[in-house]
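Below is one structure, written out as structure tokens; the observations come after it.
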Amino acid sequence: MKGLIAYNVKAVGKIDYRPLTLTVNDKRAIVGGLVGETYFGWMFVSLFWVSEKYRGKGWGKSLMESAEKEARKRGVRQVYLDTFSFQAPGFYKKLGYREFGRLTQFPAGHDQIWMSKVL
């Protein structure tokens with residue numbers, strides 16, 4: 001692992017990797033969360049979830065906006081993520097994300113969709 005990190009640093013300079021974890025709650029329990037990381041001037045959102053009861057009420061939008069705000073503080077200028085066709089591609093499109101890649105039939109009957117956004 002050290003050898004790979006050293007090779008990457010030699011190629012691109014400082015990696016500036018930082019994890020990012022955010023949650024939202026309704027005063028009783030966590031009702032949504034985001035896990036991601038920032039590096040190379042980008043943020044990658046690896047996990048994003050809002051409880052079904054709270055969807056469509058602005059909780060998810062607020063959570064994504066908070067993550068984007070923190071990313072900007074870190075000097076990030078672009079975000080990328082992946083979602084499945086049965087999950088939330090429409091939600092991300094409403095927030096300004098654009099599709100840049102797709103794996104069809106992954107899983108069978110659905111697609112994995114890669115999306116990005118310039119901050």
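In the structure tokens, chains take the letters A, B, ... in the order shown, each chain's residues start at 1, and ligands count up from 1 in the order shown.
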
Requested in this report: Identify all residues of range 5-111 of chain A in strand (DSSP E) (DSSP on the backbone) and supply them as an MDAnalysis selection string.
Outcome: chainID A and resid 18:25 30:39 42:50 78:84 98:103

Can you write out as a Markdown table which residues of range 85-111 of chain A fall within 12 Å of range 46-54 of chain A, alongside each residue's closest atom pair and its distance in Å to one decimal, counting only C-alpha atoms and ordering rows by chain and ascending residue number?
| residue | atom | partner | partner_atom | distance |
| --- | --- | --- | --- | --- |
| A:Gln87 | CA | A:Trp49 | CA | 10.0 |
| A:Ala88 | CA | A:Phe48 | CA | 9.8 |
| A:Phe91 | CA | A:Phe48 | CA | 11.6 |
| A:Tyr92 | CA | A:Phe48 | CA | 11.1 |

For those residues, write all heavy atoms to a file as a PDB file, in the first residue's frame.
ATOM      1  N   GLN A  87     -33.108   3.814  -7.842  1.00  0.00           N
ATOM      2  CA  GLN A  87     -32.893   4.651  -6.667  1.00  0.00           C
ATOM      3  C   GLN A  87     -33.257   6.105  -6.961  1.00  0.00           C
ATOM      4  O   GLN A  87     -34.437   6.416  -7.025  1.00  0.00           O
ATOM      5  CB  GLN A  87     -31.448   4.525  -6.171  1.00  0.00           C
ATOM      6  CG  GLN A  87     -31.156   3.174  -5.551  1.00  0.00           C
ATOM      7  CD  GLN A  87     -29.718   3.044  -5.103  1.00  0.00           C
ATOM      8  OE1 GLN A  87     -28.809   3.631  -5.694  1.00  0.00           O
ATOM      9  NE2 GLN A  87     -29.493   2.248  -4.069  1.00  0.00           N
ATOM     10  N   ALA A  88     -32.263   6.985  -7.155  1.00  0.00           N
ATOM     11  CA  ALA A  88     -32.568   8.414  -7.144  1.00  0.00           C
ATOM     12  C   ALA A  88     -31.965   9.246  -8.279  1.00  0.00           C
ATOM     13  O   ALA A  88     -31.603  10.397  -8.058  1.00  0.00           O
ATOM     14  CB  ALA A  88     -32.126   8.990  -5.808  1.00  0.00           C
ATOM     15  N   PHE A  91     -33.754  12.631  -8.541  1.00  0.00           N
ATOM     16  CA  PHE A  91     -33.428  13.519  -7.427  1.00  0.00           C
ATOM     17  C   PHE A  91     -32.127  14.263  -7.717  1.00  0.00           C
ATOM     18  O   PHE A  91     -32.051  15.489  -7.576  1.00  0.00           O
ATOM     19  CB  PHE A  91     -33.302  12.695  -6.140  1.00  0.00           C
ATOM     20  CG  PHE A  91     -32.681  13.430  -4.993  1.00  0.00           C
ATOM     21  CD1 PHE A  91     -33.399  14.371  -4.269  1.00  0.00           C
ATOM     22  CD2 PHE A  91     -31.369  13.160  -4.621  1.00  0.00           C
ATOM     23  CE1 PHE A  91     -32.816  15.044  -3.199  1.00  0.00           C
ATOM     24  CE2 PHE A  91     -30.782  13.825  -3.556  1.00  0.00           C
ATOM     25  CZ  PHE A  91     -31.508  14.771  -2.842  1.00  0.00           C
ATOM     26  N   TYR A  92     -31.105  13.532  -8.133  1.00  0.00           N
ATOM     27  CA  TYR A  92     -29.811  14.168  -8.407  1.00  0.00           C
ATOM     28  C   TYR A  92     -29.893  15.123  -9.598  1.00  0.00           C
ATOM     29  O   TYR A  92     -29.278  16.189  -9.575  1.00  0.00           O
ATOM     30  CB  TYR A  92     -28.729  13.115  -8.628  1.00  0.00           C
ATOM     31  CG  TYR A  92     -28.456  12.291  -7.394  1.00  0.00           C
ATOM     32  CD1 TYR A  92     -28.703  10.920  -7.370  1.00  0.00           C
ATOM     33  CD2 TYR A  92     -27.963  12.881  -6.225  1.00  0.00           C
ATOM     34  CE1 TYR A  92     -28.451  10.167  -6.237  1.00  0.00           C
ATOM     35  CE2 TYR A  92     -27.716  12.129  -5.084  1.00  0.00           C
ATOM     36  CZ  TYR A  92     -27.967  10.769  -5.105  1.00  0.00           C
ATOM     37  OH  TYR A  92     -27.731  10.029  -3.972  1.00  0.00           O
TER      38      TYR A  92
END

Query raised in the report: Of the candidates A:Lys2, A:Thr104, A:Leu20, A:Trp114, which shows the shortest atom-to-atom distance to Lys69 in chain A, using only C-alpha atoms?
Result: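 The answer is A:Leu20, which sits nearest to Lys69 in chain A.
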
Query raised in the report: Using only C-alpha atoms, which residues sit within 9 Å of Glu68 in chain A once same-chain residues fewer than 3 positions away are excluded, as a PyMOL selection string?
Result: chain A and resi 43+63-65+71-73+76+78-79+119

Query raised in the report: range 14-18 of chain A: which residues within 12 Å, counting only C-alpha atoms, same-chain residues fewer than 3 positions away excluded, as a list in words?
Result: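 Residues meeting the cut-off are Ile5, Ala6, Tyr7, Asn8, Val9, Lys10, Ala11, Thr21, Val35, Gly36, Glu37, Thr38, Tyr39, Phe40, Gly41, Trp42, Met43, Phe44, Glu70, Ala71, Arg74, Gly75 and Val76 of chain A.
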
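From CA of Ser116 in chain A back to CA of Leu22 in chain A, the distance works out to 19.4 Å.
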
Query raised in the report: Separation of CA of Phe86 in chain A and CA of His110 in chain A, in Å?
Result: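 So the two atoms, CA of Phe86 in chain A and CA of His110 in chain A, lie 6.8 Å apart.
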
Query raised in the report: Please, what distance in Å, to one decimal, runs between CA of Gly101 in chain A and CA of Ile113 in chain A?
Result: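 Value for the CA of Gly101 in chain A-CA of Ile113 in chain A distance: 6.0 Å.
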
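Restricting the calculation to only C-alpha atoms, the smallest distance between Ser85 in chain A and any of A:Met115, A:Leu4, A:Ala67, A:Val24 is found for A:Met115.
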
Report task. Assign secondary structure with DSSP using the backbone only, and return the residues of chain A in alpha helix (DSSP H) as a ChimeraX atom specification. Result -> /A:2-12,59-73,89-94

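Residue nearest Gly60 in chain A, chosen from A:Gly90, A:Gln105, A:Gln112, A:Gly33 and counting only C-alpha atoms: A:Gly33.
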